[in-house]
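This is structure-v4.cif. It holds mmCIF, C-alpha atoms.
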```cif
data_target
loop_
_atom_site.label_atom_id
_atom_site.label_comp_id
_atom_site.auth_asym_id
_atom_site.auth_seq_id
_atom_site.Cartn_x
_atom_site.Cartn_y
_atom_site.Cartn_z
CA MET A 1 -68.18 261.85 2.34
CA SER A 2 -69.20 262.94 -1.09
CA PHE A 3 -68.20 266.15 -2.81
CA ILE A 4 -69.96 269.33 -1.69
CA SER A 5 -70.44 272.10 -4.25
CA ARG A 6 -69.13 275.30 -2.67
CA GLY A 7 -71.91 277.80 -2.25
CA PHE A 8 -74.70 275.61 -3.65
CA LYS A 9 -77.88 275.72 -1.61
CA GLY A 10 -80.42 274.29 -4.01
CA ARG A 11 -83.97 275.41 -4.45
CA GLY A 12 -85.59 272.44 -6.14
CA ARG A 13 -86.54 270.82 -2.85
CA ARG A 14 -88.78 273.75 -2.01
CA GLU A 15 -91.16 272.59 -4.69
CA GLY A 16 -92.26 269.77 -2.42
CA ALA A 17 -92.71 266.81 -4.73
CA ALA A 18 -92.59 264.73 -1.53
CA GLY A 19 -91.08 261.41 -2.43
CA ARG A 20 -92.28 261.43 -6.01
CA LEU A 21 -89.02 262.57 -7.64
CA PRO A 22 -86.51 259.77 -8.34
CA PRO A 23 -82.83 260.52 -7.62
CA GLY A 24 -81.31 263.22 -9.82
CA GLN A 25 -84.67 264.37 -11.22
CA TYR A 26 -86.25 267.82 -11.00
CA LEU A 27 -89.86 268.88 -11.24
CA GLU A 28 -91.00 270.13 -14.64
CA HIS A 29 -94.33 271.81 -15.24
CA GLY A 30 -94.12 272.02 -19.03
CA PHE A 31 -93.78 269.08 -21.37
CA PRO A 32 -90.37 269.12 -23.07
CA VAL A 33 -89.91 267.39 -26.42
CA LEU A 34 -86.96 265.12 -27.09
CA SER A 35 -86.31 262.99 -30.13
CA ALA A 36 -83.43 261.95 -32.33
CA GLY A 37 -84.77 262.99 -35.72
CA PRO A 38 -87.63 264.58 -37.62
CA THR A 39 -91.19 264.06 -36.43
CA PRO A 40 -92.96 261.53 -38.69
CA HIS A 41 -96.45 262.34 -39.93
CA THR A 42 -98.15 259.10 -40.87
CA PRO A 43 -101.72 259.60 -42.18
CA LEU A 44 -104.25 257.76 -40.02
CA ASP A 45 -105.61 255.82 -43.01
CA ARG A 46 -102.15 254.31 -43.41
CA TRP A 47 -101.55 253.74 -39.71
CA ASP A 48 -101.80 250.31 -38.17
CA PHE A 49 -100.60 248.60 -35.05
CA THR A 50 -99.23 245.08 -35.26
CA MET A 51 -98.16 242.39 -32.83
CA VAL A 52 -95.50 240.29 -34.54
CA GLY A 53 -92.61 237.93 -33.79
CA GLN A 54 -93.20 234.96 -31.53
CA VAL A 55 -96.98 234.96 -31.74
CA ASP A 56 -99.36 232.21 -32.82
CA GLN A 57 -100.59 234.62 -35.47
CA VAL A 58 -99.87 238.23 -36.31
CA ARG A 59 -102.41 240.66 -34.86
CA ARG A 60 -103.16 243.86 -36.74
CA TRP A 61 -105.44 246.79 -35.97
CA THR A 62 -106.24 249.74 -38.20
CA TRP A 63 -106.65 253.16 -36.58
CA ASP A 64 -110.43 252.78 -36.41
CA GLU A 65 -110.15 249.26 -35.03
CA PHE A 66 -107.64 250.48 -32.47
CA LEU A 67 -109.93 253.26 -31.27
CA ALA A 68 -112.72 250.71 -30.89
CA LEU A 69 -110.70 248.69 -28.38
CA PRO A 70 -111.47 249.13 -24.68
CA ALA A 71 -109.60 252.25 -23.55
CA GLU A 72 -108.31 253.29 -20.15
CA THR A 73 -107.56 256.75 -18.80
CA ILE A 74 -104.71 256.79 -16.35
CA THR A 75 -102.79 259.43 -14.41
CA ARG A 76 -99.11 258.81 -13.82
CA ASP A 77 -95.83 260.57 -13.06
CA ILE A 78 -93.29 260.43 -15.90
CA HIS A 79 -89.52 260.65 -15.66
CA CYS A 80 -87.16 261.58 -18.51
CA VAL A 81 -83.52 260.51 -18.42
CA THR A 82 -82.61 264.13 -19.25
CA LYS A 83 -83.59 264.85 -15.61
CA TRP A 84 -87.09 266.26 -15.74
CA SER A 85 -90.07 264.61 -14.15
CA LYS A 86 -93.67 265.57 -14.66
CA LEU A 87 -96.30 264.66 -12.10
CA ASP A 88 -99.89 263.61 -12.70
CA SER A 89 -99.90 263.41 -16.48
CA THR A 90 -103.15 261.97 -17.81
CA TRP A 91 -103.26 259.64 -20.77
CA THR A 92 -105.86 257.65 -22.65
CA GLY A 93 -105.08 254.51 -24.56
CA VAL A 94 -105.24 250.76 -24.80
CA SER A 95 -103.54 248.57 -22.23
CA VAL A 96 -100.90 246.25 -23.67
CA ASP A 97 -102.69 243.53 -21.68
CA THR A 98 -105.72 244.10 -23.89
CA LEU A 99 -103.62 243.78 -27.04
CA LEU A 100 -102.01 240.58 -25.76
CA ASP A 101 -105.33 239.06 -24.74
CA GLY A 102 -105.60 235.70 -26.48
CA VAL A 103 -102.10 235.89 -27.96
CA GLU A 104 -100.15 232.70 -27.44
CA THR A 105 -96.46 233.37 -27.02
CA SER A 106 -93.39 231.96 -25.33
CA ALA A 107 -91.58 235.30 -25.63
CA ASP A 108 -89.92 236.95 -22.64
CA TYR A 109 -89.09 240.27 -24.32
CA VAL A 110 -90.63 242.84 -26.60
CA LEU A 111 -89.11 245.31 -29.04
CA ALA A 112 -91.33 248.29 -29.77
CA PHE A 113 -90.93 249.59 -33.32
CA CYS A 114 -91.95 252.99 -34.63
CA ASP A 115 -92.31 255.31 -37.59
CA GLY A 116 -88.93 256.91 -38.16
CA GLY A 117 -87.10 253.70 -37.29
CA TYR A 118 -86.91 254.13 -33.51
CA THR A 119 -86.95 251.00 -31.37
CA THR A 120 -86.84 250.26 -27.65
CA ASN A 121 -86.64 246.94 -25.83
CA LEU A 122 -88.40 245.79 -22.69
CA PRO A 123 -88.93 242.59 -20.74
CA LEU A 124 -92.47 241.34 -21.38
CA GLU A 125 -93.17 241.63 -17.68
CA ASP A 126 -92.54 245.40 -17.86
CA VAL A 127 -95.40 245.86 -20.34
CA THR A 128 -97.94 243.46 -18.83
CA GLY A 129 -99.92 243.44 -15.61
CA GLY A 130 -101.32 246.97 -15.99
CA LYS A 131 -97.94 248.64 -16.50
CA ALA A 132 -98.02 249.76 -20.16
CA TRP A 133 -100.40 251.30 -22.68
CA ILE A 134 -100.53 252.44 -26.28
CA ALA A 135 -101.65 256.01 -25.63
CA TYR A 136 -103.37 258.18 -28.22
CA ALA A 137 -104.64 261.03 -26.06
CA TYR A 138 -102.91 263.32 -23.57
CA GLU A 139 -104.91 265.42 -21.12
CA GLY A 140 -108.05 264.55 -23.08
CA GLN A 141 -106.73 265.76 -26.43
CA PRO A 142 -105.38 263.78 -29.39
CA LEU A 143 -101.68 263.18 -28.84
CA ALA A 144 -99.67 265.84 -30.73
CA PRO A 145 -97.12 264.58 -33.30
CA ALA A 146 -94.20 266.17 -31.44
CA HIS A 147 -95.20 264.18 -28.36
CA GLY A 148 -95.50 260.92 -30.27
CA GLY A 149 -98.91 261.14 -31.90
CA PRO A 150 -100.93 259.57 -33.26
CA ALA A 151 -99.93 256.98 -30.65
CA ARG A 152 -97.03 256.22 -28.36
CA LEU A 153 -96.07 253.47 -26.01
CA LEU A 154 -96.51 254.54 -22.39
CA VAL A 155 -94.45 252.74 -19.75
CA PRO A 156 -94.42 255.31 -16.96
CA HIS A 157 -92.48 253.25 -14.40
CA LEU A 158 -89.37 253.35 -16.64
CA TYR A 159 -87.43 256.34 -18.04
CA PHE A 160 -89.47 257.98 -20.74
CA TRP A 161 -87.30 256.95 -23.71
CA LYS A 162 -88.93 253.52 -23.20
CA SER A 163 -92.29 255.18 -23.93
CA ALA A 164 -91.60 255.07 -27.65
CA LYS A 165 -93.17 257.82 -29.75
CA TRP A 166 -94.93 257.04 -33.04
CA VAL A 167 -95.17 253.38 -32.08
CA ARG A 168 -96.49 251.01 -34.73
CA GLY A 169 -96.16 247.67 -33.06
CA LEU A 170 -94.51 245.24 -30.71
CA GLU A 171 -92.26 242.39 -31.75
CA LEU A 172 -92.31 239.55 -29.25
CA LEU A 173 -88.88 237.99 -28.82
CA ALA A 174 -87.36 235.00 -27.03
CA ALA A 175 -84.09 236.87 -26.50
CA ASP A 176 -83.51 240.46 -25.48
CA GLN A 177 -82.41 242.76 -28.28
CA PRO A 178 -81.16 246.29 -27.46
CA GLY A 179 -83.17 249.12 -29.00
CA PHE A 180 -82.00 252.49 -30.31
CA TRP A 181 -80.83 254.30 -27.18
CA GLU A 182 -80.01 251.02 -25.46
CA SER A 183 -77.39 250.49 -28.20
CA LEU A 184 -76.02 254.02 -27.78
CA GLY A 185 -75.00 254.12 -24.17
CA TYR A 186 -78.31 254.17 -22.33
CA HIS A 187 -79.28 251.58 -19.75
CA ASN A 188 -80.98 248.42 -20.93
CA ARG A 189 -83.84 248.60 -18.41
CA GLY A 190 -84.00 252.23 -17.24
CA ASP A 191 -85.62 252.14 -13.80
CA PRO A 192 -85.62 255.79 -12.61
CA TRP A 193 -85.85 254.81 -8.94
CA ARG A 194 -82.56 252.92 -9.28
CA GLU A 195 -81.17 255.73 -11.48
CA GLN A 196 -80.41 253.34 -14.32
CA ARG A 197 -79.53 256.04 -16.86
CA TYR A 198 -76.48 254.74 -18.69
CA TRP A 199 -74.57 251.56 -19.44
CA GLY A 200 -73.03 250.21 -16.28
CA ASP A 201 -75.33 252.04 -13.87
CA GLU A 202 -76.13 249.62 -11.07
CA MET B 203 -73.04 248.23 -29.95
CA GLY B 204 -70.61 245.56 -28.88
CA ALA B 205 -68.86 247.78 -26.38
CA VAL B 206 -68.48 246.43 -22.89
CA PRO B 207 -70.64 248.51 -20.60
CA SER B 208 -68.50 250.34 -18.10
CA ARG B 209 -69.84 252.64 -15.45
CA LEU B 210 -69.69 256.35 -16.12
CA SER B 211 -68.36 257.28 -12.71
CA TRP B 212 -68.69 260.68 -11.11
CA ARG B 213 -65.47 262.68 -11.04
CA VAL B 214 -64.58 266.02 -9.52
CA ALA B 215 -63.28 268.34 -12.23
CA THR B 216 -61.47 271.59 -11.48
CA VAL B 217 -62.68 274.79 -13.06
CA ARG B 218 -59.78 276.22 -15.03
CA ALA B 219 -61.58 279.23 -16.45
CA VAL B 220 -64.99 280.89 -16.63
CA GLN B 221 -65.39 282.64 -19.99
CA PRO B 222 -68.32 284.91 -20.78
CA GLU B 223 -69.51 284.32 -24.35
CA THR B 224 -72.48 286.68 -24.43
CA GLN B 225 -74.59 288.42 -21.82
CA ARG B 226 -76.47 285.19 -21.07
CA VAL B 227 -74.03 282.48 -22.13
CA LEU B 228 -70.73 281.42 -20.64
CA SER B 229 -68.21 278.66 -21.11
CA LEU B 230 -66.58 276.67 -18.33
CA VAL B 231 -63.16 275.21 -19.05
CA LEU B 232 -62.66 272.11 -16.93
CA ASP B 233 -59.73 269.91 -16.03
CA VAL B 234 -61.16 266.42 -15.59
CA PRO B 235 -58.90 263.81 -14.00
CA GLY B 236 -58.91 260.52 -15.88
CA TRP B 237 -61.02 261.84 -18.76
CA ASP B 238 -61.03 259.33 -21.62
CA GLY B 239 -62.02 261.75 -24.37
CA HIS B 240 -65.30 262.31 -26.13
CA GLN B 241 -66.90 262.52 -29.53
CA PRO B 242 -68.00 265.92 -30.82
CA GLY B 243 -71.69 266.33 -29.99
CA GLN B 244 -71.66 264.40 -26.72
CA HIS B 245 -72.67 265.88 -23.38
CA ILE B 246 -71.89 265.51 -19.71
CA ASP B 247 -74.03 265.35 -16.61
CA VAL B 248 -73.22 267.87 -13.90
CA ARG B 249 -74.21 267.19 -10.28
CA LEU B 250 -74.37 269.83 -7.57
CA THR B 251 -74.50 268.78 -3.94
CA ALA B 252 -75.55 271.08 -1.09
CA ALA B 253 -74.06 270.79 2.39
CA ASP B 254 -77.17 268.95 3.60
CA GLY B 255 -76.88 266.36 0.82
CA TYR B 256 -79.50 267.78 -1.54
CA GLN B 257 -78.47 267.22 -5.15
CA ALA B 258 -79.41 268.58 -8.55
CA GLN B 259 -78.29 267.27 -11.94
CA ARG B 260 -78.37 268.72 -15.44
CA SER B 261 -76.86 267.87 -18.82
CA TYR B 262 -74.58 270.21 -20.78
CA SER B 263 -73.09 269.78 -24.23
CA ILE B 264 -69.35 269.71 -24.60
CA SER B 265 -68.31 272.52 -26.91
CA SER B 266 -64.59 271.74 -27.07
CA ALA B 267 -62.94 269.39 -29.54
CA PRO B 268 -61.60 266.03 -28.38
CA GLU B 269 -58.20 267.38 -29.45
CA ASP B 270 -58.35 270.21 -26.90
CA PRO B 271 -56.39 269.73 -23.66
CA ALA B 272 -59.35 270.54 -21.40
CA ILE B 273 -63.07 270.06 -21.85
CA THR B 274 -65.35 273.05 -22.19
CA ILE B 275 -69.08 273.21 -21.62
CA THR B 276 -71.14 276.16 -22.76
CA VAL B 277 -74.06 277.11 -20.53
CA GLU B 278 -76.99 279.44 -21.03
CA ARG B 279 -77.96 281.14 -17.79
CA LEU B 280 -81.68 280.63 -17.17
CA ASP B 281 -82.99 283.15 -14.64
CA ASP B 282 -85.43 280.68 -13.10
CA GLY B 283 -83.00 277.78 -13.31
CA GLU B 284 -81.44 275.97 -10.40
CA VAL B 285 -78.11 274.85 -11.81
CA SER B 286 -77.17 277.34 -14.54
CA PRO B 287 -77.26 280.41 -12.22
CA TYR B 288 -74.88 278.57 -9.89
CA LEU B 289 -72.52 277.78 -12.76
CA ALA B 290 -72.73 281.36 -14.04
CA ASP B 291 -72.70 283.36 -10.81
CA VAL B 292 -71.03 281.29 -8.09
CA LEU B 293 -68.46 279.03 -9.69
CA ARG B 294 -64.91 280.42 -9.85
CA PRO B 295 -61.61 279.11 -11.22
CA GLY B 296 -60.19 276.57 -8.82
CA ASP B 297 -63.59 275.33 -7.68
CA GLY B 298 -64.50 271.67 -8.01
CA LEU B 299 -67.41 270.54 -10.17
CA GLU B 300 -68.76 267.01 -10.10
CA LEU B 301 -69.56 265.48 -13.47
CA ARG B 302 -69.75 262.28 -15.46
CA GLY B 303 -69.65 261.46 -19.13
CA PRO B 304 -69.29 261.56 -22.03
CA ILE B 305 -72.89 260.65 -22.82
CA GLY B 306 -74.80 260.16 -26.06
CA GLY B 307 -73.84 258.13 -29.10
CA TRP B 308 -76.25 259.50 -31.73
CA PHE B 309 -75.88 263.25 -32.04
CA THR B 310 -72.17 263.01 -32.83
CA TRP B 311 -69.92 263.66 -35.80
CA THR B 312 -66.26 263.07 -36.48
CA THR B 313 -64.28 263.76 -39.65
CA GLN B 314 -64.48 260.03 -40.42
CA ASP B 315 -68.25 260.38 -40.85
CA GLY B 316 -67.59 262.61 -43.86
CA GLY B 317 -70.02 265.01 -45.43
CA PRO B 318 -71.27 267.21 -46.70
CA LEU B 319 -72.28 268.34 -43.24
CA LEU B 320 -75.12 270.76 -42.64
CA LEU B 321 -75.19 272.27 -39.16
CA VAL B 322 -78.27 274.20 -38.06
CA ALA B 323 -78.21 275.88 -34.66
CA GLY B 324 -80.42 278.13 -32.59
CA GLY B 325 -78.91 280.12 -29.71
CA SER B 326 -76.81 278.08 -27.30
CA GLY B 327 -77.72 275.01 -29.38
CA LEU B 328 -74.53 275.83 -31.24
CA ALA B 329 -72.48 274.31 -28.40
CA PRO B 330 -72.36 270.65 -29.56
CA LEU B 331 -71.99 271.77 -33.19
CA MET B 332 -69.05 273.96 -32.18
CA ALA B 333 -67.33 270.84 -30.87
CA MET B 334 -67.70 269.39 -34.39
CA LEU B 335 -66.31 272.55 -36.05
CA ARG B 336 -63.40 272.73 -33.62
CA HIS B 337 -62.65 269.03 -34.13
CA ARG B 338 -62.77 269.46 -37.90
CA ALA B 339 -60.40 272.44 -37.70
CA ALA B 340 -58.01 270.58 -35.40
CA ARG B 341 -57.86 267.74 -37.91
CA ARG B 342 -57.47 270.16 -40.82
CA SER B 343 -60.34 268.33 -42.45
CA THR B 344 -61.68 269.52 -45.78
CA VAL B 345 -65.13 267.95 -45.35
CA PRO B 346 -67.54 270.60 -46.68
CA VAL B 347 -69.56 272.17 -43.86
CA ARG B 348 -72.27 274.80 -43.85
CA LEU B 349 -73.50 276.28 -40.60
CA LEU B 350 -76.81 278.12 -40.49
CA TYR B 351 -77.01 279.84 -37.13
CA SER B 352 -80.00 281.67 -35.69
CA SER B 353 -79.48 284.19 -32.89
CA ARG B 354 -81.75 286.83 -31.39
CA GLY B 355 -79.36 289.71 -32.02
CA PHE B 356 -75.78 290.39 -33.08
CA ASP B 357 -74.53 290.40 -29.49
CA ASP B 358 -76.20 287.05 -28.82
CA ILE B 359 -74.01 285.23 -31.36
CA ILE B 360 -71.78 282.95 -29.32
CA TYR B 361 -68.22 282.22 -30.52
CA ARG B 362 -68.67 285.01 -33.08
CA ALA B 363 -64.99 285.94 -33.38
CA GLU B 364 -63.92 282.32 -33.51
CA LEU B 365 -66.46 281.54 -36.23
CA ASP B 366 -65.20 284.51 -38.23
CA ARG B 367 -61.64 283.31 -37.82
CA LEU B 368 -62.46 279.74 -38.81
CA VAL B 369 -64.28 280.87 -41.93
CA SER B 370 -61.59 283.34 -42.98
CA HIS B 371 -59.07 280.73 -44.02
CA ASP B 372 -61.26 277.74 -44.84
CA PRO B 373 -62.87 277.58 -48.30
CA ASP B 374 -64.77 274.43 -47.32
CA LEU B 375 -66.58 276.11 -44.42
CA ALA B 376 -69.48 278.52 -44.75
CA VAL B 377 -71.25 280.25 -41.86
CA VAL B 378 -74.58 281.97 -42.44
CA HIS B 379 -76.20 283.97 -39.64
CA THR B 380 -79.78 284.98 -39.18
CA LEU B 381 -80.80 287.49 -36.51
CA THR B 382 -84.41 287.04 -35.49
CA ARG B 383 -85.16 289.93 -33.13
CA SER B 384 -82.78 292.81 -33.79
CA GLN B 385 -80.17 293.60 -36.39
CA PRO B 386 -77.31 296.09 -36.22
CA PRO B 387 -77.28 299.03 -38.66
CA GLY B 388 -76.14 297.91 -42.07
CA TRP B 389 -76.93 294.22 -41.45
CA THR B 390 -77.32 292.54 -44.82
CA GLY B 391 -77.82 288.97 -43.61
CA TYR B 392 -81.01 287.10 -42.88
CA ALA B 393 -83.34 288.69 -40.35
CA ARG B 394 -86.03 286.10 -39.72
CA ARG B 395 -86.53 282.68 -38.22
CA ILE B 396 -85.10 279.79 -40.19
CA ASP B 397 -87.62 278.59 -42.78
CA GLY B 398 -87.76 276.37 -45.85
CA ALA B 399 -86.68 279.13 -48.24
CA MET B 400 -83.63 279.89 -46.13
CA LEU B 401 -82.73 276.21 -45.89
CA ALA B 402 -83.19 275.79 -49.64
CA ALA B 403 -80.75 278.64 -50.19
CA VAL B 404 -78.16 277.57 -47.65
CA ALA B 405 -78.31 273.77 -47.57
CA TRP B 406 -77.07 271.45 -50.27
CA ALA B 407 -79.64 269.90 -52.56
CA PRO B 408 -81.18 266.67 -51.25
CA GLU B 409 -79.32 264.79 -54.01
CA ALA B 410 -76.03 265.66 -52.30
CA ARG B 411 -77.31 263.71 -49.28
CA PRO B 412 -75.89 266.03 -46.62
CA LEU B 413 -75.87 264.83 -43.04
CA ALA B 414 -77.88 267.40 -41.10
CA MET B 415 -77.31 268.04 -37.40
CA VAL B 416 -79.92 270.36 -35.90
CA CYS B 417 -79.75 271.70 -32.35
CA GLY B 418 -81.69 274.43 -30.60
CA PRO B 419 -85.01 275.16 -28.90
CA THR B 420 -87.76 272.65 -29.67
CA PRO B 421 -89.93 274.85 -31.95
CA MET B 422 -86.91 275.75 -34.06
CA VAL B 423 -85.72 272.14 -34.29
CA GLU B 424 -89.20 270.94 -35.22
CA ALA B 425 -89.52 273.62 -37.91
CA VAL B 426 -86.09 272.95 -39.38
CA ALA B 427 -86.45 269.16 -39.43
CA ASP B 428 -89.93 269.42 -41.00
CA ALA B 429 -88.67 271.90 -43.61
CA LEU B 430 -85.69 269.71 -44.54
CA VAL B 431 -88.00 266.71 -45.01
CA ALA B 432 -90.36 268.85 -47.11
CA LEU B 433 -87.41 269.91 -49.29
CA GLY B 434 -86.76 266.24 -49.99
CA HIS B 435 -83.97 265.43 -47.56
CA ASP B 436 -83.82 261.86 -46.26
CA PRO B 437 -85.25 261.83 -42.70
CA GLY B 438 -82.63 259.21 -41.89
CA ARG B 439 -79.90 261.80 -42.56
CA ILE B 440 -81.36 264.38 -40.14
CA ARG B 441 -80.30 264.21 -36.51
CA THR B 442 -81.79 266.42 -33.86
CA GLU B 443 -81.00 267.55 -30.35
CA ARG B 444 -83.29 269.86 -28.45
CA PHE B 445 -82.61 272.45 -25.81
CA GLY B 446 -85.99 272.95 -24.26
CA PRO B 447 -87.16 276.07 -22.46
CA THR B 448 -86.47 273.95 -19.41
CA GLY B 449 -83.26 272.46 -18.16
CA GLY B 450 -82.21 275.10 -15.63
#
```
Output the file's structure as structure tokens, nothing else.
Amino acid sequence: MSFISRGFKGRGRREGAAGRLPPGQYLEHGFPVLSAGPTPHTPLDRWDFTMVGQVDQVRRWTWDEFLALPAETITRDIHCVTKWSKLDSTWTGVSVDTLLDGVETSADYVLAFCDGGYTTNLPLEDVTGGKAWIAYAYEGQPLAPAHGGPARLLVPHLYFWKSAKWVRGLELLAADQPGFWESLGYHNRGDPWREQRYWGDE
Amino acid sequence: MGAVPSRLSWRVATVRAVQPETQRVLSLVLDVPGWDGHQPGQHIDVRLTAADGYQAQRSYSISSAPEDPAITITVERLDDGEVSPYLADVLRPGDGLELRGPIGGWFTWTTQDGGPLLLVAGGSGLAPLMAMLRHRAARRSTVPVRLLYSSRGFDDIIYRAELDRLVSHDPDLAVVHTLTRSQPPGWTGYARRIDGAMLAAVAWAPEARPLAMVCGPTPMVEAVADALVALGHDPGRIRTERFGPTGG
């Protein structure tokens, strides 16, 4: 029998998110901002997105080239490790599958790198097969800098720190390499449905 | 990096004391069995469980120093929150409270990290920075520290007496208040939101390479971090933690 908090009744369940809230999460209607440092402001004429590391050749897109790629608009629930979840958020961006199309690689992992120096690591299979995007619009509007604009990685099936803000590229790697939060106590994979928040969870 | 991952297990702490700080903010002093210590700036997760098994979790910064015998969290009561009203209104000394931690390895500072140290806080965002000030005092450190602290009004300043006491006998510590909504008669301090001019006056010059730790509501943190960068401070020396309007 687990501990019961004397006098706690709880009211979150009345909000009826019916099976869409992972364990320990609560429903959030706003869009909180979380980041470890100042918000970078890279001018679009100096922005590019690159695919580097274990690739047959480096791929690079300028902002205009990136916008010309086939885009998808998707609606997903997102889950932050700080406990809030937001349902039905709508994003527009380029599928990582599209960016990897034609890339020859033997890599099993990726490390996303960003303006400001942030990194996050993922197994390649977590960003392929229609599971990850480079998003540049949120709810039909250009993505605000505080939320990761001009573009952020979007991997909605994992905790949101994996959806790296201000992303500038992916490095394809043969061996896994912990990113920023993954080196500072947060779980290496971060599956919200298994509540993989911190080192040693599960 | 290099540490062996060990599970942060849930423990049942005992509430030793409930201390009002201001009308909307309180501190909970907790005895935590088997607590292994923390770094100033880290937080804990609190988990409430109802009789029918329903659970709610939130994160709270530790405001006590690692040198203190018990851990203290400082909580702002949010009227529409789910967890903070319970902590503020229901919890009494002797009650159990389930928690795990410490969590977070980035927004931390110990005396070994040196300085100069610029602390910028808004409202209850002072909590993790207070852990740093208390730690520094416990170690009798002379690392130069400046705290710029924004509150709505005079009575909203948390730890006011303790800050006054710390400053009174420490030439290496400066505390500068700004009151954004109301000021008492005779107030001669700042009376506006933190901006670039205020930071230029209070912070060290960028050449001194201060480490800046900024914690508060998101708009304030965004404004302060942007202003510090605009003043020429190295973005890599600015660390932020945000207390959103959410969090309950």
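Contacts from chain A to chain B at a cut-off of 6 Å (all atoms listed in the file) map to Ile4, Ser5, Phe8, Lys9, Gly24, Pro32, Ala36, Gly37, Pro38, Ser183, Leu184, Trp199, Gly200 and Asp201 of chain A.
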For this session: Specify as a VMD selection string each residue included when the PyMOL selection byres ((chain A and resi 153) around 8) is applied to this file.
Result: chain A and resid 112 132 to 135 151 to 152 154 to 155 162 to 167
Exercise. From the list A:Gln141, A:Thr73, A:Thr82, A:Asn121, which residue is nearest Pro192 of chain A when using only C-alpha atoms?
Worked result: A:Thr82
For this session: Work out how far atom CA of His245 of chain B is from atom CA of Val81 of chain A, in Å to one decimal.
Result: 13.1 Å
Exercise. Got a sec to resolve the PyMOL selection byres ((chain B and resi 382) around 10) on this structure and send the residues as a PyMOL selection string?
Worked result: chain B and resi 352-356+379-381+383-385+392-396
Written selection (C-alpha atoms) as a PDB file, keeping the file's coordinate frame:
```pdb
ATOM      1  CA  SER B 352     -80.000 281.670 -35.690  1.00  0.00           C
ATOM      2  CA  SER B 353     -79.480 284.190 -32.890  1.00  0.00           C
ATOM      3  CA  ARG B 354     -81.750 286.830 -31.390  1.00  0.00           C
ATOM      4  CA  GLY B 355     -79.360 289.710 -32.020  1.00  0.00           C
ATOM      5  CA  PHE B 356     -75.780 290.390 -33.080  1.00  0.00           C
ATOM      6  CA  HIS B 379     -76.200 283.970 -39.640  1.00  0.00           C
ATOM      7  CA  THR B 380     -79.780 284.980 -39.180  1.00  0.00           C
ATOM      8  CA  LEU B 381     -80.800 287.490 -36.510  1.00  0.00           C
ATOM      9  CA  ARG B 383     -85.160 289.930 -33.130  1.00  0.00           C
ATOM     10  CA  SER B 384     -82.780 292.810 -33.790  1.00  0.00           C
ATOM     11  CA  GLN B 385     -80.170 293.600 -36.390  1.00  0.00           C
ATOM     12  CA  TYR B 392     -81.010 287.100 -42.880  1.00  0.00           C
ATOM     13  CA  ALA B 393     -83.340 288.690 -40.350  1.00  0.00           C
ATOM     14  CA  ARG B 394     -86.030 286.100 -39.720  1.00  0.00           C
ATOM     15  CA  ARG B 395     -86.530 282.680 -38.220  1.00  0.00           C
ATOM     16  CA  ILE B 396     -85.100 279.790 -40.190  1.00  0.00           C
TER      17      ILE B 396
END
```
For this session: Step by step, work through what the PyMOL selection byres ((chain B and resi 270) around 10) selects in the shown file, and finish by giving those residues as a count of residues only.
Result: 13
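What separates atom CA of Ala376 of chain B from atom CA of Leu319 of chain B is a distance of 10.7 Å.
In this structure, atom CA of Glu223 of chain B sits 8.5 Å away from atom CA of Thr276 of chain B.
The shortest atom-to-atom distance to Pro156 of chain A, with only C-alpha atoms taken into account, belongs to A:Thr90 out of A:Gln196, A:Thr120, A:Gln57, A:Thr90.
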Exercise. Counting only C-alpha atoms, what is within 10 Å of Ser343 of chain B, bar same-chain residues fewer than 2 positions away, as a list in words?
Worked result: Thr312, Thr313, Gln314, Gly316, Leu335, His337, Arg338, Ala339, Ala340, Arg341, Val345, Pro346, Asp372 and Asp374 of chain B
Problem set entry | Residues near segment 170-175 of chain A, cut-off 8 Å, only C-alpha atoms, skip fewer than 5 positions along chain, as number ranges by chain | A: 50-55, 105-113
Exercise. Contacts of Ile275 of chain B at 10 Å or less, counting all atoms listed in the file, minus same-chain residues fewer than 4 places along, as a ChimeraX atom specification?
Worked result: /B:228-232,245-246,261-266,329-330,333
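Using only C-alpha atoms, the nearest neighbour of Cys417 of chain B within the list A:Ser35, A:Ser89, A:Ser95, A:Thr119 is A:Ser35.
Residues in contact with Arg279 of chain B at up to 7 Å, not including ones fewer than 5 positions away on its chain and judged by all atoms listed in the file, are Arg226, Val227, Ser286, Pro287 and Ala290 of chain B.
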